[in-house]
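Below is one structure, written out as structure tokens; the observations come after it.
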Amino acid sequence: MDVRVVDHPLAKSRLSTMRDARTNSAAFRAALQELTLMLIYEATRDAELAEESIHTPVAKTTGYRIANPPLLVPVLRAGLGMADQAHRLIPEAQMGFVGLARDEETLQPTPYLESLPADLTDRPVLVLDPMLATGGSMVHTIELLVERGATDVTAICTLTAPEGVRRLEESGLPVRVVTASVDERLNESGYIVPGLGDAGDREYGAV
Ligand SMILES: O=P(O)(O)OC[C@H]1O[C@H](OP(=O)(O)OP(=O)(O)O)[C@H](O)[C@@H]1O
Ligand SMILES: O=c1cc[nH]c(=O)[nH]1
Ligand SMILES: [Mg+2]
């Protein structure tokens, strides 16, 4: 499985803002949006282009557009903080939604929302979730996509744990990962170390 770590200095600085426990919700959301821009930029580096003839004010030339715009799938709640920025970069993208809440005792994802196109054959999909911890939520989401025919899925995750990366790899699902960091490990409560805490709570408040 391809795991691309975006370690650009600007990505590192935004991630540090997100990690810092002193960062308030508004600054956390702003840093997440800026980091999302960098991760999407890197994730779409090899996207296929369609050519078209265009006229500048000076001459005729070749213009380009994304040939097959992806489906964007934020995983609620935390992935919602990445959705608008991703859509700004790829305005022609369609968006689907998955809602999951991890049970903090069992660490299993509990689904509460699924709004996806019925047929994803031949469509690239970008799943947006700041955190890949045990990998349970991401595996659940990708299985929903694969049931609909998806074969080209990219998980855009601000932060990952080695345990979650391994789980995705062992799942055999058609996925690659773009992240700003593979952290050290999970702690006994299933939180990423050093991590940034609970991403959804830091964006929107504790529930
Ligand atoms: O890899 P996993 O062990 O499954 O954990 C990762 C999940 O945990 C967080 O969501 P959470 O369940 O806290 O929901 P929230 O976004 O509503 O806070 C995060 O946004 C992922 O979806
Ligand atoms: O560290 C973690 C692990 C799962 N979900 C989060 O929001 N943070
Ligand atoms: Mg949460």
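Starting from 1 in every chain, residues are counted up; chains themselves are A, B, ... following the order of the structure tokens, and ligands are numbered from 1 as listed.
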
Next on the checklist: Taking only C-alpha atoms and all ligand atoms into account, which residues have an atom no farther than 7 Å from ligand 1? I'd like them as a list of chain:residue names.
Outcome noted: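 Answer in the requested format: A:Val75, A:Leu76, A:Arg77, A:Ala78, A:Gly79, A:Leu100, A:Ala101, A:Arg102, A:Asp103, A:Leu107, A:Gln108, A:Pro109, A:Asp129, A:Pro130, A:Met131, A:Leu132, A:Ala133, A:Thr134, A:Gly135, A:Gly136, A:Ser137, A:Met138, A:Gly164, A:Gly190, A:Asp198, A:Ala199, A:Gly200, A:Asp201.
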
Item to check | Near-Ser181 (chain A) list (8 Å; only C-alpha atoms; drop same-chain fewer than 5 positions) as a ChimeraX atom specification | outcome: /A:5-7,158-160

Residues from the last selection, N, CA, C and O atoms, saved as an mmCIF file, in the first residue's frame:
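Once everything was written out, this is result-v2.cif:
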```cif
data_model
loop_
_atom_site.group_PDB
_atom_site.id
_atom_site.type_symbol
_atom_site.label_atom_id
_atom_site.label_comp_id
_atom_site.auth_asym_id
_atom_site.auth_seq_id
_atom_site.Cartn_x
_atom_site.Cartn_y
_atom_site.Cartn_z
ATOM 1 N N VAL A 5 3.797 10.550 2.895
ATOM 2 C CA VAL A 5 3.860 11.478 4.035
ATOM 3 C C VAL A 5 4.286 12.850 3.516
ATOM 4 O O VAL A 5 5.372 13.000 2.961
ATOM 5 N N VAL A 6 3.392 13.822 3.685
ATOM 6 C CA VAL A 6 3.675 15.183 3.222
ATOM 7 C C VAL A 6 4.404 15.892 4.363
ATOM 8 O O VAL A 6 3.797 16.273 5.364
ATOM 9 N N ASP A 7 5.716 16.046 4.203
ATOM 10 C CA ASP A 7 6.499 16.619 5.311
ATOM 11 C C ASP A 7 7.075 17.985 4.945
ATOM 12 O O ASP A 7 8.127 18.383 5.427
ATOM 13 N N THR A 158 -4.927 13.690 8.219
ATOM 14 C CA THR A 158 -3.917 14.568 8.787
ATOM 15 C C THR A 158 -2.862 13.766 9.552
ATOM 16 O O THR A 158 -1.667 13.951 9.377
ATOM 17 N N LEU A 159 -3.363 12.884 10.404
ATOM 18 C CA LEU A 159 -2.490 12.106 11.281
ATOM 19 C C LEU A 159 -2.849 10.636 11.213
ATOM 20 O O LEU A 159 -4.029 10.300 11.160
ATOM 21 N N THR A 160 -1.831 9.784 11.275
ATOM 22 C CA THR A 160 -2.099 8.347 11.289
ATOM 23 C C THR A 160 -1.283 7.688 12.408
ATOM 24 O O THR A 160 -0.234 8.202 12.812
#
```

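The space between CA of Asn68 (chain A) and CA of Leu173 (chain A) spans 21.1 Å.
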
Next on the checklist: List the spatial neighbours of region 97-99 of chain A as a list in words - criterion: any atom at most 10 Å away, only C-alpha atoms, same-chain residues fewer than 2 positions off excluded.
Outcome noted: Leu72, Val73, Pro74, Val75, Leu76, Arg77, Ala78, Gly79, Leu80, Ala83, Met95, Ala101, Pro109, Thr110, Pro111, Tyr112, Leu113, Glu114, Ser115, Leu116, Pro117, Val127, Leu128, Ser137, His140, Thr141 and Leu144 of chain A

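Among A:Leu120, A:Met82, A:Val146, A:Ala155, the residue with the shortest atom-to-atom distance to Glu203 (chain A), counting only C-alpha atoms, is A:Met82.
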
Next on the checklist: Here is a test: counting only C-alpha atoms, which residue of A:Glu105, A:Glu52, A:Glu163, A:Asp122 is nearest to Ser189 (chain A)?
Outcome noted: A:Glu105

Item to check | Picked from region 1-204 of chain A by DSSP as strand (DSSP E), as a PyMOL selection string | outcome: chain A and resi 3-5+49-55+60-66+71-76+94-95+97-102+109-115+125-128+131-132+153-160+175-182+185-186+192-193

Checklist entry - Out of A:Arg19, A:Lys60, A:Arg65, A:Arg4, which residue has the shortest atom-to-atom distance to ligand 2 when counting only C-alpha atoms and all ligand atoms? => result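 That would be A:Arg19, the residue with the smallest distance to ligand 2.
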
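Each of A:Pro162, A:Glu170, A:Met1, A:Glu143 was checked against Asp183 (chain A) using only C-alpha atoms; the smallest atom-to-atom distance is that of A:Pro162.
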
Checklist entry - Given the choices A:Gly96, A:Glu104, A:Thr23, A:Arg167, which gets closest to ligand 3 if the distance is worked out from only C-alpha atoms and all ligand atoms? => result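 Among A:Gly96, A:Glu104, A:Thr23, A:Arg167, it is A:Glu104 that comes nearest to ligand 3.
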
Next on the checklist: Just the number, please: distance in Å from CA of Gly149 (chain A) to CA of Val177 (chain A), one decimal.
Outcome noted: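 Computed distance, CA of Gly149 (chain A) to CA of Val177 (chain A), equals 19.2 Å.
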
Next on the checklist: Just list as a PyMOL selection string whatever in chain A DSSP marks as helix (DSSP H, G or I).
Outcome noted: chain A and resi 9-19+25-43+80-89+136-147+162-171+199-204

Next on the checklist: Using only C-alpha atoms, which protein or nucleic acid residues come within 8 Å of Glu34 (chain A)? Drop anything in the same chain fewer than 4 positions from it, and give the result as number ranges by chain.
Outcome noted: A: 14, 30, 38, 85

Take the residues from that selection and put them in a file with C-alpha atoms, as a compact mmCIF listing (two decimals), in the first residue's frame.
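Saved the output as again_22.txt:
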```
# COMPACT_ATOMS: atom_id res chain seq x y z
CA ARG A 14 0.11 23.65 10.53
CA ALA A 30 -8.08 27.10 10.29
CA MET A 38 -1.60 20.71 1.04
CA GLN A 85 -11.33 23.27 1.53
```
